[in-house]
Amino acid sequence: MIDCGGVPMAIGVQTDMATPALALHGSRELRDEFLAPAIAGDFVACLGVSEVGSGSDVASVKTRARKDGADYIVNGGKMWTTGGTQADFCCVLANTSEGAPHRNKSLIIAPMSTPGVTVARKLKKLGMRASDTAQLHFDDVRVPQRYRNGEEGMGFIYQNKQFQLERLWGALNSVGMAQRAIDITIDYTHERRAFGRTILDNQSVGYRLAELQTAIGALQALCWQGVEEVVAGQDAIRTAAMAKLKAGRVIREVADGCLQFWGGMGYMDDSRIARIFRDGRLTSIGGGTGDVMLHILSKSMGTFPRDRCRAGTRIDPTPTAPPPHEPHRTGPCHDRHAHSIPQNPDR
Ligand SMILES: Cc1cc2nc3c(=O)[nH]c(=O)nc-3n(C[C@H](O)[C@H](O)[C@H](O)COP(=O)(O)OP(=O)(O)OC[C@H]3O[C@@H](n4cnc5c(N)ncnc54)[C@H](O)[C@@H]3O)c2cc1C
């Protein structure tokens, strides 16, 4: 039993965040060179999407890859890159042309040993400390164009699809963390005594744990629904967003509720429940915040104000980009924030 969230997260980045798009869209050559060794455990992969100025607003990333002969020259930087200090290659989301932000990006594999790739710093985190998270710089990084994953200009779309797995993974990881919190709290409260009996001998404690256990069960069912959709080849964007949103809330409620039953011991830095409390906080942030999940869901329900301003029609919940030649609209629905989350509901 690995009693922390960081190690599973490091593995999750490898299996469900940085490589699914490569498996789906990479050429045979690219998969042989990077995916096969990643699956074998010989290569560590990391995902370079977020930047200092672009987290929720994925479409606004500034990293650029311009063509030079048979190569791309990549310039920019990535932030909060999990596994960045140890990775062998980074799947970089970069702008490869001008134009609509949903159609001008590509996913490019950048080996971390390429001249110009530097790990600026390893970041200190509230939790998930058993995994590393880094800031990366790309200065005139030359990679062959054959390292582009799939079609040029499709990076944003591919990444959106990849986010579905990241979110389901994050939700399921939270189920595991929350269950662990319940299990160790039952053990602890069974041993700890106050007023001549164990903490668990108080009925209110058992009832609260039962309430929290129920929340975990409901979340787990939602996660499995998402997994079944993925396995059936269906689009899981909506279920993944619901699962991720709910998971962020459930793990916070469970970790906080359980920590309370540990009293002062729960507040100690090295207690296992404190670690779950810290590690679990990430679920509402990484891979798209809770607000971004609400935005996706609101769009899929046709209740998002900007969409209601359009034709009064529901929006297809699939993660497709707007039509390439969609005319620019002006009017009361297009406020100054129109380029942030409202247009880019993807993290
Ligand atoms: C430990 C850790 C590991 C990570 N690993 C990776 C990784 O491996 N690769 C990677 O690419 N990224 C990674 N990330 C980045 C993560 O995905 C982003 O932090 C996340 O998407 C949020 O972006 P942000 O931090 O820029 O928040 P911001 O976009 O600055 O948002 C700040 C807050 O404002 C809210 N907000 C923003 N816009 C709106 C709006 N219009 N309406 C309402 N609320 C809004 C957000 O919900 C959030 O609560 C990691 C982050 C952490 C903390």
# chains A, B, ... in the order shown; residues from 1 in each chain; ligands from 1
$ residues_near_ligand --ligand "ligand 1" --cutoff "7 Å" --atoms "only C-alpha atoms and all ligand atoms" --output "PyMOL selection string"
chain A and resi 13+46-50+52-57+79-83+125+128+133+282+285-292+340-342+347
$ closest_atom_pairs --of "stretch 121-168 of chain A" --to "stretch 248-270 of chain A" --cutoff "12 Å" --atoms "only C-alpha atoms" --output "Markdown table"
| residue | atom | partner | partner_atom | distance |
| --- | --- | --- | --- | --- |
| A:Leu126 | CA | A:Asp269 | CA | 11.0 |
| A:Gly127 | CA | A:Asp269 | CA | 10.7 |
| A:Arg167 | CA | A:Gly248 | CA | 10.5 |
| A:Leu168 | CA | A:Gly248 | CA | 11.6 |
$ residues_around --residues "A:Asn173" --least-positions-apart "3" --cutoff "12 Å" --atoms "only C-alpha atoms" --output "ChimeraX atom specification"
/A:4-13,16,165-170,176-180,216,219-220,223,243-244,247-248,250-251,276,279-280,282-283
$ write_last_selection --atoms "N, CA and C atoms" --output "mmCIF file, in the first residue's frame"
data_model
loop_
_atom_site.group_PDB
_atom_site.id
_atom_site.type_symbol
_atom_site.label_atom_id
_atom_site.label_comp_id
_atom_site.auth_asym_id
_atom_site.auth_seq_id
_atom_site.Cartn_x
_atom_site.Cartn_y
_atom_site.Cartn_z
ATOM 1 N N CYS A 4 0.285 7.526 -0.034
ATOM 2 C CA CYS A 4 0.394 8.936 -0.417
ATOM 3 C C CYS A 4 -0.264 9.115 -1.779
ATOM 4 N N GLY A 5 -0.551 10.384 -2.127
ATOM 5 C CA GLY A 5 -1.159 10.652 -3.423
ATOM 6 C C GLY A 5 -0.146 10.915 -4.520
ATOM 7 N N GLY A 6 1.068 11.321 -4.132
ATOM 8 C CA GLY A 6 2.057 11.763 -5.112
ATOM 9 C C GLY A 6 2.549 10.665 -6.047
ATOM 10 N N VAL A 7 2.785 9.480 -5.494
ATOM 11 C CA VAL A 7 3.296 8.389 -6.344
ATOM 12 C C VAL A 7 2.223 7.943 -7.347
ATOM 13 N N PRO A 8 0.980 7.703 -6.878
ATOM 14 C CA PRO A 8 -0.060 7.396 -7.882
ATOM 15 C C PRO A 8 -0.190 8.509 -8.922
ATOM 16 N N MET A 9 -0.069 9.764 -8.503
ATOM 17 C CA MET A 9 -0.223 10.850 -9.479
ATOM 18 C C MET A 9 0.892 10.791 -10.521
ATOM 19 N N ALA A 10 2.108 10.526 -10.085
ATOM 20 C CA ALA A 10 3.220 10.446 -11.031
ATOM 21 C C ALA A 10 2.955 9.344 -12.054
ATOM 22 N N ILE A 11 2.400 8.238 -11.583
ATOM 23 C CA ILE A 11 2.076 7.131 -12.499
ATOM 24 C C ILE A 11 0.905 7.537 -13.402
ATOM 25 N N GLY A 12 -0.074 8.229 -12.813
ATOM 26 C CA GLY A 12 -1.240 8.671 -13.585
ATOM 27 C C GLY A 12 -0.866 9.626 -14.703
ATOM 28 N N VAL A 13 0.113 10.483 -14.468
ATOM 29 C CA VAL A 13 0.572 11.386 -15.526
ATOM 30 C C VAL A 13 1.088 10.557 -16.701
ATOM 31 N N ASP A 16 -2.297 8.224 -18.027
ATOM 32 C CA ASP A 16 -3.604 8.782 -18.399
ATOM 33 C C ASP A 16 -3.605 10.272 -18.708
ATOM 34 N N LEU A 165 -9.593 11.599 -19.901
ATOM 35 C CA LEU A 165 -8.953 10.524 -19.140
ATOM 36 C C LEU A 165 -8.288 11.082 -17.886
ATOM 37 N N GLU A 166 -7.643 12.246 -18.031
ATOM 38 C CA GLU A 166 -6.997 12.868 -16.872
ATOM 39 C C GLU A 166 -8.021 13.111 -15.757
ATOM 40 N N ARG A 167 -9.196 13.587 -16.155
ATOM 41 C CA ARG A 167 -10.210 13.916 -15.144
ATOM 42 C C ARG A 167 -10.790 12.660 -14.503
ATOM 43 N N LEU A 168 -11.025 11.637 -15.315
ATOM 44 C CA LEU A 168 -11.538 10.390 -14.735
ATOM 45 C C LEU A 168 -10.492 9.774 -13.815
ATOM 46 N N TRP A 169 -9.236 9.854 -14.257
ATOM 47 C CA TRP A 169 -8.176 9.324 -13.406
ATOM 48 C C TRP A 169 -8.136 10.089 -12.080
ATOM 49 N N GLY A 170 -8.208 11.407 -12.166
ATOM 50 C CA GLY A 170 -8.159 12.225 -10.954
ATOM 51 C C GLY A 170 -9.309 11.919 -10.021
ATOM 52 N N GLY A 176 -9.884 6.536 -4.174
ATOM 53 C CA GLY A 176 -8.911 5.750 -3.415
ATOM 54 C C GLY A 176 -8.415 6.493 -2.179
ATOM 55 N N MET A 177 -8.097 7.768 -2.359
ATOM 56 C CA MET A 177 -7.605 8.549 -1.210
ATOM 57 C C MET A 177 -8.684 8.677 -0.134
ATOM 58 N N ALA A 178 -9.915 8.915 -0.585
ATOM 59 C CA ALA A 178 -11.004 9.099 0.381
ATOM 60 C C ALA A 178 -11.270 7.799 1.142
ATOM 61 N N GLN A 179 -11.230 6.677 0.420
ATOM 62 C CA GLN A 179 -11.452 5.396 1.084
ATOM 63 C C GLN A 179 -10.361 5.127 2.116
ATOM 64 N N ARG A 180 -9.139 5.481 1.739
ATOM 65 C CA ARG A 180 -8.017 5.306 2.666
ATOM 66 C C ARG A 180 -8.228 6.166 3.920
ATOM 67 N N ILE A 216 -18.562 8.545 -0.958
ATOM 68 C CA ILE A 216 -17.522 7.877 -1.757
ATOM 69 C C ILE A 216 -18.162 6.857 -2.704
ATOM 70 N N LEU A 219 -19.739 8.610 -5.632
ATOM 71 C CA LEU A 219 -18.701 9.112 -6.529
ATOM 72 C C LEU A 219 -18.103 7.973 -7.355
ATOM 73 N N GLN A 220 -17.869 6.863 -6.687
ATOM 74 C CA GLN A 220 -17.269 5.720 -7.390
ATOM 75 C C GLN A 220 -18.177 5.245 -8.527
ATOM 76 N N CYS A 223 -17.798 7.537 -11.393
ATOM 77 C CA CYS A 223 -16.507 7.295 -12.074
ATOM 78 C C CYS A 223 -16.599 6.074 -12.987
ATOM 79 N N ALA A 243 -17.657 13.828 -12.654
ATOM 80 C CA ALA A 243 -16.886 13.020 -11.702
ATOM 81 C C ALA A 243 -15.774 13.836 -11.069
ATOM 82 N N LYS A 244 -15.083 14.614 -11.893
ATOM 83 C CA LYS A 244 -13.968 15.430 -11.383
ATOM 84 C C LYS A 244 -14.472 16.499 -10.411
ATOM 85 N N ALA A 247 -15.606 14.716 -7.269
ATOM 86 C CA ALA A 247 -14.461 14.135 -6.557
ATOM 87 C C ALA A 247 -13.731 15.194 -5.744
ATOM 88 N N GLY A 248 -13.556 16.383 -6.341
ATOM 89 C CA GLY A 248 -12.863 17.454 -5.625
ATOM 90 C C GLY A 248 -13.585 17.807 -4.341
ATOM 91 N N VAL A 250 -15.866 15.750 -2.708
ATOM 92 C CA VAL A 250 -15.946 14.608 -1.788
ATOM 93 C C VAL A 250 -14.628 14.419 -1.040
ATOM 94 N N ILE A 251 -13.510 14.500 -1.755
ATOM 95 C CA ILE A 251 -12.236 14.261 -1.059
ATOM 96 C C ILE A 251 -11.976 15.353 -0.021
ATOM 97 N N ILE A 276 -3.364 13.071 3.419
ATOM 98 C CA ILE A 276 -4.519 12.947 2.509
ATOM 99 C C ILE A 276 -5.218 14.303 2.372
ATOM 100 N N ASP A 279 -2.892 16.276 0.018
ATOM 101 C CA ASP A 279 -2.844 15.705 -1.341
ATOM 102 C C ASP A 279 -4.184 15.871 -2.057
ATOM 103 N N GLY A 280 -5.266 15.644 -1.334
ATOM 104 C CA GLY A 280 -6.593 15.652 -1.950
ATOM 105 C C GLY A 280 -7.040 17.027 -2.411
ATOM 106 N N LEU A 282 -5.702 18.955 -4.319
ATOM 107 C CA LEU A 282 -5.368 19.184 -5.728
ATOM 108 C C LEU A 282 -6.519 18.820 -6.676
ATOM 109 N N THR A 283 -7.366 17.886 -6.257
ATOM 110 C CA THR A 283 -8.392 17.392 -7.191
ATOM 111 C C THR A 283 -9.272 18.518 -7.733
#
$ residues_around --residues "stretch 65-72 of chain A" --least-positions-apart "6" --cutoff "7 Å" --atoms "only C-alpha atoms" --output "PyMOL selection string"
chain A and resi 94-96+142-145
$ atom_distance --atom1 "atom CA of A:Arg148" --atom2 "atom CA of A:Thr118"
20.1 Å
$ select_by_dssp --residues "stretch 65-127 of chain A" --states "strand (DSSP E or B)" --output "PyMOL selection string"
chain A and resi 65-68+71-82+89-95+105-111+117-122
$ residues_around --residues "A:Gln164" --least-positions-apart "3" --cutoff "7 Å" --atoms "only C-alpha atoms" --output "PDB file with N, CA and C atoms, in the first residue's frame"
ATOM      1  N   ASN A 160      -8.105  18.178 -25.493  1.00  0.00           N
ATOM      2  CA  ASN A 160      -9.411  18.130 -24.831  1.00  0.00           C
ATOM      3  C   ASN A 160      -9.867  16.701 -24.606  1.00  0.00           C
ATOM      4  N   LYS A 161      -9.630  15.878 -25.591  1.00  0.00           N
ATOM      5  CA  LYS A 161      -9.994  14.466 -25.470  1.00  0.00           C
ATOM      6  C   LYS A 161      -9.141  13.818 -24.369  1.00  0.00           C
ATOM      7  N   ARG A 167      -9.196  13.587 -16.155  1.00  0.00           N
ATOM      8  CA  ARG A 167     -10.210  13.916 -15.144  1.00  0.00           C
ATOM      9  C   ARG A 167     -10.790  12.660 -14.503  1.00  0.00           C
ATOM     10  N   LEU A 168     -11.025  11.637 -15.315  1.00  0.00           N
ATOM     11  CA  LEU A 168     -11.538  10.390 -14.735  1.00  0.00           C
ATOM     12  C   LEU A 168     -10.492   9.774 -13.815  1.00  0.00           C
ATOM     13  N   ALA A 236     -16.880  10.975 -23.220  1.00  0.00           N
ATOM     14  CA  ALA A 236     -17.149  10.989 -21.777  1.00  0.00           C
ATOM     15  C   ALA A 236     -16.944  12.375 -21.178  1.00  0.00           C
ATOM     16  N   ILE A 237     -16.970  13.395 -22.013  1.00  0.00           N
ATOM     17  CA  ILE A 237     -16.615  14.722 -21.492  1.00  0.00           C
ATOM     18  C   ILE A 237     -17.523  15.142 -20.341  1.00  0.00           C
ATOM     19  N   ALA A 240     -16.985  12.798 -17.233  1.00  0.00           N
ATOM     20  CA  ALA A 240     -15.659  13.065 -16.647  1.00  0.00           C
ATOM     21  C   ALA A 240     -15.684  14.379 -15.875  1.00  0.00           C
TER      22      ALA A 240
END
$ atom_distance --atom1 "atom CA of A:Ser271" --atom2 "atom CA of A:Thr214"
24.4 Å
